[in-house]
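Engineer: For reference, this is structure28.pdb, and it has PDB, C-alpha atoms.
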```
MODEL        1
ATOM      1  CA  MET A   1     144.292 142.957 121.227  1.00  0.00           C
ATOM      2  CA  LYS A   2     143.802 145.401 124.072  1.00  0.00           C
ATOM      3  CA  THR A   3     144.954 144.752 127.641  1.00  0.00           C
ATOM      4  CA  VAL A   4     143.510 146.487 130.703  1.00  0.00           C
ATOM      5  CA  SER A   5     143.934 145.929 134.404  1.00  0.00           C
ATOM      6  CA  VAL A   6     141.104 145.381 136.835  1.00  0.00           C
ATOM      7  CA  ARG A   7     142.022 148.742 138.348  1.00  0.00           C
ATOM      8  CA  GLN A   8     141.692 150.489 134.963  1.00  0.00           C
ATOM      9  CA  LEU A   9     138.428 148.691 134.406  1.00  0.00           C
ATOM     10  CA  SER A  10     136.999 150.035 137.650  1.00  0.00           C
ATOM     11  CA  HIS A  11     138.333 153.585 137.167  1.00  0.00           C
ATOM     12  CA  GLU A  12     137.738 154.066 133.446  1.00  0.00           C
ATOM     13  CA  GLY A  13     134.390 152.340 133.368  1.00  0.00           C
ATOM     14  CA  ALA A  14     133.356 148.985 132.070  1.00  0.00           C
ATOM     15  CA  SER A  15     131.353 150.438 129.178  1.00  0.00           C
ATOM     16  CA  LYS A  16     134.547 151.540 127.394  1.00  0.00           C
ATOM     17  CA  VAL A  17     136.059 148.089 127.763  1.00  0.00           C
ATOM     18  CA  VAL A  18     132.882 146.371 126.584  1.00  0.00           C
ATOM     19  CA  ALA A  19     132.809 148.664 123.547  1.00  0.00           C
ATOM     20  CA  ALA A  20     136.450 147.836 122.853  1.00  0.00           C
ATOM     21  CA  ALA A  21     135.718 144.097 123.161  1.00  0.00           C
ATOM     22  CA  ALA A  22     133.126 144.429 120.416  1.00  0.00           C
ATOM     23  CA  ALA A  23     135.936 145.403 118.032  1.00  0.00           C
ATOM     24  CA  GLU A  24     138.813 143.244 119.297  1.00  0.00           C
ATOM     25  CA  PRO A  25     139.554 140.803 122.141  1.00  0.00           C
ATOM     26  CA  VAL A  26     140.390 142.422 125.468  1.00  0.00           C
ATOM     27  CA  LEU A  27     142.557 140.792 128.126  1.00  0.00           C
ATOM     28  CA  VAL A  28     141.782 141.894 131.678  1.00  0.00           C
ATOM     29  CA  THR A  29     144.671 141.415 134.087  1.00  0.00           C
ATOM     30  CA  LYS A  30     144.820 141.312 137.858  1.00  0.00           C
ATOM     31  CA  ASN A  31     148.145 141.728 139.649  1.00  0.00           C
ATOM     32  CA  ASN A  32     149.852 141.597 136.230  1.00  0.00           C
ATOM     33  CA  GLU A  33     148.411 138.126 135.576  1.00  0.00           C
ATOM     34  CA  PRO A  34     145.794 137.260 132.937  1.00  0.00           C
ATOM     35  CA  ALA A  35     142.371 137.093 134.579  1.00  0.00           C
ATOM     36  CA  VAL A  36     139.651 137.284 131.913  1.00  0.00           C
ATOM     37  CA  TRP A  37     139.404 137.373 128.141  1.00  0.00           C
ATOM     38  CA  MET A  38     136.577 139.474 126.762  1.00  0.00           C
ATOM     39  CA  VAL A  39     135.535 138.576 123.230  1.00  0.00           C
ATOM     40  CA  GLY A  40     132.552 140.236 121.581  1.00  0.00           C
ATOM     41  CA  ALA A  41     129.641 138.001 120.621  1.00  0.00           C
ATOM     42  CA  SER A  42     129.847 139.111 116.986  1.00  0.00           C
ATOM     43  CA  GLU A  43     133.558 138.252 116.904  1.00  0.00           C
ATOM     44  CA  LEU A  44     132.850 134.828 118.390  1.00  0.00           C
ATOM     45  CA  ALA A  45     130.149 134.264 115.764  1.00  0.00           C
ATOM     46  CA  ARG A  46     132.510 135.385 112.980  1.00  0.00           C
ATOM     47  CA  VAL A  47     135.285 133.042 114.062  1.00  0.00           C
ATOM     48  CA  ALA A  48     132.882 130.168 114.674  1.00  0.00           C
ATOM     49  CA  SER A  49     131.410 130.556 111.190  1.00  0.00           C
ATOM     50  CA  GLN A  50     134.854 129.935 109.688  1.00  0.00           C
ATOM     51  CA  VAL A  51     135.272 126.581 111.440  1.00  0.00           C
ATOM     52  CA  LYS A  52     133.560 123.371 110.368  1.00  0.00           C
ATOM     53  CA  GLY A  53     130.624 122.976 112.754  1.00  0.00           C
ATOM     54  CA  GLY A  54     131.397 126.419 114.159  1.00  0.00           C
ATOM     55  CA  ASP A  55     127.798 127.576 114.087  1.00  0.00           C
ATOM     56  CA  ASP A  56     127.045 124.822 116.581  1.00  0.00           C
ATOM     57  CA  VAL A  57     129.910 126.022 118.791  1.00  0.00           C
ATOM     58  CA  TYR A  58     128.449 129.538 118.834  1.00  0.00           C
ATOM     59  CA  ARG A  59     124.905 128.321 119.567  1.00  0.00           C
ATOM     60  CA  HIS A  60     126.093 125.950 122.282  1.00  0.00           C
ATOM     61  CA  THR A  61     128.222 128.682 123.843  1.00  0.00           C
ATOM     62  CA  LEU A  62     125.241 131.038 124.013  1.00  0.00           C
ATOM     63  CA  ALA A  63     123.087 128.273 125.470  1.00  0.00           C
ATOM     64  CA  LEU A  64     125.635 127.440 128.179  1.00  0.00           C
ATOM     65  CA  VAL A  65     126.058 131.103 129.090  1.00  0.00           C
ATOM     66  CA  ALA A  66     122.261 131.457 129.260  1.00  0.00           C
ATOM     67  CA  VAL A  67     121.983 128.446 131.592  1.00  0.00           C
ATOM     68  CA  ASP A  68     124.689 129.885 133.828  1.00  0.00           C
ATOM     69  CA  LEU A  69     122.992 133.305 133.931  1.00  0.00           C
ATOM     70  CA  PHE A  70     119.695 131.626 134.814  1.00  0.00           C
ATOM     71  CA  ASP A  71     121.309 129.425 137.467  1.00  0.00           C
ATOM     72  CA  ARG A  72     122.907 132.476 139.101  1.00  0.00           C
ATOM     73  CA  GLY A  73     119.556 134.293 139.080  1.00  0.00           C
ATOM     74  CA  THR A  74     120.782 137.001 136.710  1.00  0.00           C
ATOM     75  CA  LEU A  75     118.162 136.230 134.052  1.00  0.00           C
ATOM     76  CA  SER A  76     114.667 134.801 134.349  1.00  0.00           C
ATOM     77  CA  LEU A  77     113.776 131.495 132.731  1.00  0.00           C
ATOM     78  CA  GLY A  78     112.097 133.181 129.755  1.00  0.00           C
ATOM     79  CA  ARG A  79     114.860 135.725 129.200  1.00  0.00           C
ATOM     80  CA  SER A  80     117.466 132.977 129.432  1.00  0.00           C
ATOM     81  CA  ALA A  81     115.660 130.982 126.745  1.00  0.00           C
ATOM     82  CA  ARG A  82     115.568 134.049 124.483  1.00  0.00           C
ATOM     83  CA  PHE A  83     119.270 134.704 125.172  1.00  0.00           C
ATOM     84  CA  ALA A  84     120.033 131.107 124.181  1.00  0.00           C
ATOM     85  CA  GLY A  85     117.948 131.499 121.024  1.00  0.00           C
ATOM     86  CA  VAL A  86     115.651 128.570 121.822  1.00  0.00           C
ATOM     87  CA  ASP A  87     112.039 128.178 122.859  1.00  0.00           C
ATOM     88  CA  LEU A  88     111.126 127.771 126.511  1.00  0.00           C
ATOM     89  CA  ALA A  89     110.576 124.003 126.298  1.00  0.00           C
ATOM     90  CA  ALA A  90     114.000 123.458 124.722  1.00  0.00           C
ATOM     91  CA  PHE A  91     115.637 125.621 127.380  1.00  0.00           C
ATOM     92  CA  ILE A  92     113.906 123.716 130.188  1.00  0.00           C
ATOM     93  CA  GLU A  93     115.095 120.456 128.606  1.00  0.00           C
ATOM     94  CA  LEU A  94     118.656 121.824 128.399  1.00  0.00           C
ATOM     95  CA  CYS A  95     118.545 122.821 132.067  1.00  0.00           C
ATOM     96  CA  GLY A  96     117.403 119.298 132.899  1.00  0.00           C
ATOM     97  CA  ARG A  97     120.256 117.718 130.931  1.00  0.00           C
ATOM     98  CA  LEU A  98     122.703 119.975 132.783  1.00  0.00           C
ATOM     99  CA  HIS A  99     121.047 119.230 136.162  1.00  0.00           C
ATOM    100  CA  VAL A 100     120.040 122.855 136.705  1.00  0.00           C
ATOM    101  CA  SER A 101     116.753 123.080 138.580  1.00  0.00           C
ATOM    102  CA  ILE A 102     114.165 125.438 137.142  1.00  0.00           C
ATOM    103  CA  LEU A 103     112.040 125.353 140.297  1.00  0.00           C
ATOM    104  CA  ARG A 104     113.354 127.758 142.886  1.00  0.00           C
ATOM    105  CA  ALA A 105     112.291 128.525 146.412  1.00  0.00           C
ATOM    106  CA  PRO A 106     111.378 132.207 146.788  1.00  0.00           C
ATOM    107  CA  GLU A 107     114.065 134.268 148.531  1.00  0.00           C
ATOM    108  CA  GLU A 108     111.582 135.384 151.190  1.00  0.00           C
ATOM    109  CA  GLY A 109     110.612 131.768 151.902  1.00  0.00           C
ATOM    110  CA  PHE A 110     107.457 129.829 151.167  1.00  0.00           C
ATOM    111  CA  GLU A 111     105.590 131.342 154.113  1.00  0.00           C
ATOM    112  CA  ALA A 112     105.991 134.853 152.688  1.00  0.00           C
ATOM    113  CA  GLU A 113     104.924 133.609 149.255  1.00  0.00           C
ATOM    114  CA  LEU A 114     101.824 131.974 150.744  1.00  0.00           C
ATOM    115  CA  ALA A 115     100.985 135.113 152.750  1.00  0.00           C
ATOM    116  CA  ALA A 116     101.242 137.269 149.612  1.00  0.00           C
ATOM    117  CA  PHE A 117      98.992 134.833 147.749  1.00  0.00           C
ATOM    118  CA  GLU A 118      96.403 134.898 150.545  1.00  0.00           C
ATOM    119  CA  ASP A 119      96.528 138.715 150.646  1.00  0.00           C
ATOM    120  CA  GLY A 120      95.821 138.730 146.918  1.00  0.00           C
ATOM    121  CA  LEU A 121      92.881 136.386 147.378  1.00  0.00           C
ATOM    122  CA  HIS A 122      91.391 138.513 150.164  1.00  0.00           C
ATOM    123  CA  ALA A 123      91.850 141.679 148.118  1.00  0.00           C
ATOM    124  CA  SER A 124      90.045 140.137 145.148  1.00  0.00           C
ATOM    125  CA  GLU A 125      87.145 139.071 147.399  1.00  0.00           C
ATOM    126  CA  LYS A 126      86.662 142.690 148.520  1.00  0.00           C
ATOM    127  CA  THR A 127      86.410 144.097 145.004  1.00  0.00           C
ATOM    128  CA  GLN A 128      83.039 144.262 143.326  1.00  0.00           C
ATOM    129  CA  PRO A 129      82.617 142.792 139.858  1.00  0.00           C
ATOM    130  CA  VAL A 130      82.157 145.344 137.121  1.00  0.00           C
ATOM    131  CA  PRO A 131      78.665 145.053 135.568  1.00  0.00           C
ATOM    132  CA  LEU A 132      78.651 144.575 131.814  1.00  0.00           C
TER     133      LEU A 132
ENDMDL
END
```
Go through the file and emit its structure as structure tokens.
Structural biologist:
Amino acid sequence: MKTVSVRQLSHEGASKVVAAAAAEPVLVTKNNEPAVWMVGASELARVASQVKGGDDVYRHTLALVAVDLFDRGTLSLGRSARFAGVDLAAFIELCGRLHVSILRAPEEGFEAELAAFEDGLHASEKTQPVPL
């Protein structure tokens, strides 16, 4: 197991720590206190496969992480479903069971969204159809 501080993480670069976590668990500390464990996905899958029902643990873990990444806006709905390893309908159902809304108001507000839509409509009216 490797241990690094938050300070080392910021100075040495996260990519080195992520690479290290692929090989062995990494403990990130802050103010000499444990803050975060980093365990590579392949290591989690390996350990889970050795436990009865472990494959389910791995799949459920990926699904929960995917829902969290979607809820935070880090991943889109489709990318989150792929990350979770399920089809879109199953991911939408999972979000519903976890009370995570899949319908989001645009950051710019509905008025800006409507204005952009109307601009698109007006632009398409000005273009001439291409004769076949």
Engineer: Output the residue selection produced by the PyMOL selection byres ((chain A and resi 1-17) around 8) on the file above, formatted as a list in words.
Structural biologist: Val18, Ala19, Ala20, Ala21, Glu24, Pro25, Val26, Leu27, Val28, Thr29, Lys30, Asn31 and Asn32 of chain A
Engineer: Give me the residues within 12 Å of segment 102-108 of chain A as a PDB file with C-alpha atoms, in the frame of the given file, counting only C-alpha atoms and dropping any in the same chain fewer than 5 places off.
Structural biologist:
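File produced: part22.pdb:
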```pdb
ATOM      1  CA  VAL A  67     121.983 128.446 131.592  1.00  0.00           C
ATOM      2  CA  ASP A  68     124.689 129.885 133.828  1.00  0.00           C
ATOM      3  CA  PHE A  70     119.695 131.626 134.814  1.00  0.00           C
ATOM      4  CA  ASP A  71     121.309 129.425 137.467  1.00  0.00           C
ATOM      5  CA  ARG A  72     122.907 132.476 139.101  1.00  0.00           C
ATOM      6  CA  GLY A  73     119.556 134.293 139.080  1.00  0.00           C
ATOM      7  CA  LEU A  75     118.162 136.230 134.052  1.00  0.00           C
ATOM      8  CA  SER A  76     114.667 134.801 134.349  1.00  0.00           C
ATOM      9  CA  LEU A  77     113.776 131.495 132.731  1.00  0.00           C
ATOM     10  CA  GLY A  78     112.097 133.181 129.755  1.00  0.00           C
ATOM     11  CA  SER A  80     117.466 132.977 129.432  1.00  0.00           C
ATOM     12  CA  ALA A  81     115.660 130.982 126.745  1.00  0.00           C
ATOM     13  CA  LEU A  88     111.126 127.771 126.511  1.00  0.00           C
ATOM     14  CA  ALA A  89     110.576 124.003 126.298  1.00  0.00           C
ATOM     15  CA  PHE A  91     115.637 125.621 127.380  1.00  0.00           C
ATOM     16  CA  ILE A  92     113.906 123.716 130.188  1.00  0.00           C
ATOM     17  CA  GLU A  93     115.095 120.456 128.606  1.00  0.00           C
ATOM     18  CA  LEU A  94     118.656 121.824 128.399  1.00  0.00           C
ATOM     19  CA  CYS A  95     118.545 122.821 132.067  1.00  0.00           C
ATOM     20  CA  GLY A  96     117.403 119.298 132.899  1.00  0.00           C
ATOM     21  CA  ARG A  97     120.256 117.718 130.931  1.00  0.00           C
ATOM     22  CA  GLU A 113     104.924 133.609 149.255  1.00  0.00           C
ATOM     23  CA  LEU A 114     101.824 131.974 150.744  1.00  0.00           C
ATOM     24  CA  ALA A 115     100.985 135.113 152.750  1.00  0.00           C
ATOM     25  CA  ALA A 116     101.242 137.269 149.612  1.00  0.00           C
TER      26      ALA A 116
END
```
Engineer: One decimal, Å: what's the distance from atom CA of Ala45 of chain A over to atom CA of Glu33 of chain A, could you say?
Structural biologist: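 It comes out at 27.2 Å.
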Engineer: How many Å lie between atom CA of Ala84 of chain A and atom CA of Arg59 of chain A, rounded to one decimal?
Structural biologist: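 Atom CA of Ala84 of chain A sits 7.3 Å away from atom CA of Arg59 of chain A.
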Engineer: Between A:Gly120, A:Val36, A:Leu98, A:His60, which one has atoms that come closest to Ala48 of chain A, using all atoms listed in the file?
Structural biologist: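 Closest candidate: A:His60.
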Engineer: Have a look at A:Thr61, A:Ala23, A:Asp87, A:Val51 and name the one nearest to Met38 of chain A; count only C-alpha atoms.
Structural biologist: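 The closest residue to Met38 of chain A is A:Ala23.
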Engineer: Rounded to one decimal, what separation in Å do you get between atom CA of Val100 of chain A and atom CA of Gly85 of chain A?
Structural biologist: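 Those two atoms sit 18.0 Å apart.
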Engineer: Which residues are near Leu44 of chain A? Cut-off 10 Å, all atoms listed in the file, ignore same chain within fewer than 5 positions. Put them as a PyMOL selection string.
Structural biologist: chain A and resi 22+25+39+49+54-55+57-58+61
Engineer: Selection from above, C-alpha atoms, as a PDB file, keeping the file's coordinate frame, can you write it?
Structural biologist:
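Result file follows (out.pdb):
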```pdb
ATOM      1  CA  ALA A  22     133.126 144.429 120.416  1.00  0.00           C
ATOM      2  CA  PRO A  25     139.554 140.803 122.141  1.00  0.00           C
ATOM      3  CA  VAL A  39     135.535 138.576 123.230  1.00  0.00           C
ATOM      4  CA  SER A  49     131.410 130.556 111.190  1.00  0.00           C
ATOM      5  CA  GLY A  54     131.397 126.419 114.159  1.00  0.00           C
ATOM      6  CA  ASP A  55     127.798 127.576 114.087  1.00  0.00           C
ATOM      7  CA  VAL A  57     129.910 126.022 118.791  1.00  0.00           C
ATOM      8  CA  TYR A  58     128.449 129.538 118.834  1.00  0.00           C
ATOM      9  CA  THR A  61     128.222 128.682 123.843  1.00  0.00           C
TER      10      THR A  61
END
```
Engineer: Could you check the closest approach to Leu62 of chain A for each of A:Trp37, A:Phe110, A:Phe117, A:Phe83 and tell me which residue wins, using only C-alpha atoms?
Structural biologist: A:Phe83
Engineer: Is it possible to add N, CA and C atoms to segment 68-101 of chain A and hand it back as a compact mmCIF listing (two decimals), in the coordinates of the input?
Structural biologist:
```
# COMPACT_ATOMS: atom_id res chain seq x y z
N ASP A 68 123.94 129.37 132.68
CA ASP A 68 124.69 129.88 133.83
C ASP A 68 124.04 131.16 134.37
N LEU A 69 123.63 132.06 133.48
CA LEU A 69 122.99 133.30 133.93
C LEU A 69 121.67 133.01 134.64
N PHE A 70 120.93 132.02 134.14
CA PHE A 70 119.70 131.63 134.81
C PHE A 70 120.00 131.01 136.18
N ASP A 71 120.98 130.12 136.22
CA ASP A 71 121.31 129.43 137.47
C ASP A 71 121.77 130.40 138.54
N ARG A 72 122.44 131.46 138.15
CA ARG A 72 122.91 132.48 139.10
C ARG A 72 121.80 133.46 139.49
N GLY A 73 120.66 133.39 138.78
CA GLY A 73 119.56 134.29 139.08
C GLY A 73 119.66 135.63 138.38
N THR A 74 120.60 135.75 137.44
CA THR A 74 120.78 137.00 136.71
C THR A 74 119.66 137.22 135.71
N LEU A 75 119.25 136.15 135.03
CA LEU A 75 118.16 136.23 134.05
C LEU A 75 117.03 135.29 134.47
N SER A 76 115.82 135.67 134.10
CA SER A 76 114.67 134.80 134.35
C SER A 76 114.71 133.62 133.38
N LEU A 77 113.84 132.67 133.59
CA LEU A 77 113.78 131.50 132.73
C LEU A 77 113.48 131.90 131.28
N GLY A 78 112.47 132.75 131.10
CA GLY A 78 112.10 133.18 129.76
C GLY A 78 113.18 133.99 129.07
N ARG A 79 113.79 134.92 129.79
CA ARG A 79 114.86 135.72 129.20
C ARG A 79 116.08 134.87 128.87
N SER A 80 116.34 133.87 129.70
CA SER A 80 117.47 132.98 129.43
C SER A 80 117.22 132.18 128.15
N ALA A 81 115.99 131.72 127.97
CA ALA A 81 115.66 130.98 126.74
C ALA A 81 115.85 131.87 125.52
N ARG A 82 115.38 133.12 125.60
CA ARG A 82 115.57 134.05 124.48
C ARG A 82 117.05 134.30 124.23
N PHE A 83 117.83 134.48 125.30
CA PHE A 83 119.27 134.70 125.17
C PHE A 83 119.92 133.52 124.46
N ALA A 84 119.47 132.32 124.79
CA ALA A 84 120.03 131.11 124.18
C ALA A 84 119.55 130.91 122.75
N GLY A 85 118.48 131.63 122.37
CA GLY A 85 117.95 131.50 121.02
C GLY A 85 117.10 130.25 120.82
N VAL A 86 116.49 129.76 121.91
CA VAL A 86 115.65 128.57 121.82
C VAL A 86 114.30 128.86 122.47
N ASP A 87 113.33 127.99 122.20
CA ASP A 87 112.04 128.18 122.86
C ASP A 87 112.14 127.71 124.31
N LEU A 88 111.12 128.05 125.07
CA LEU A 88 111.13 127.77 126.51
C LEU A 88 111.25 126.28 126.81
N ALA A 89 110.52 125.45 126.06
CA ALA A 89 110.58 124.00 126.30
C ALA A 89 111.98 123.46 126.07
N ALA A 90 112.63 123.92 125.01
CA ALA A 90 114.00 123.46 124.72
C ALA A 90 114.97 123.92 125.81
N PHE A 91 114.75 125.12 126.33
CA PHE A 91 115.64 125.62 127.38
C PHE A 91 115.44 124.83 128.67
N ILE A 92 114.19 124.52 128.99
CA ILE A 92 113.91 123.72 130.19
C ILE A 92 114.55 122.34 130.04
N GLU A 93 114.46 121.76 128.85
CA GLU A 93 115.10 120.46 128.61
C GLU A 93 116.61 120.56 128.77
N LEU A 94 117.21 121.62 128.25
CA LEU A 94 118.66 121.82 128.40
C LEU A 94 119.04 121.94 129.87
N CYS A 95 118.27 122.70 130.63
CA CYS A 95 118.54 122.82 132.07
C CYS A 95 118.49 121.45 132.73
N GLY A 96 117.52 120.64 132.34
CA GLY A 96 117.40 119.30 132.90
C GLY A 96 118.62 118.44 132.57
N ARG A 97 119.07 118.50 131.32
CA ARG A 97 120.26 117.72 130.93
C ARG A 97 121.49 118.16 131.70
N LEU A 98 121.55 119.44 132.05
CA LEU A 98 122.70 119.98 132.78
C LEU A 98 122.49 119.95 134.30
N HIS A 99 121.38 119.36 134.73
CA HIS A 99 121.05 119.23 136.16
C HIS A 99 120.92 120.59 136.85
N VAL A 100 120.32 121.53 136.14
CA VAL A 100 120.04 122.86 136.71
C VAL A 100 118.54 122.92 136.96
N SER A 101 118.16 123.05 138.21
CA SER A 101 116.75 123.08 138.58
C SER A 101 116.10 124.37 138.10
```
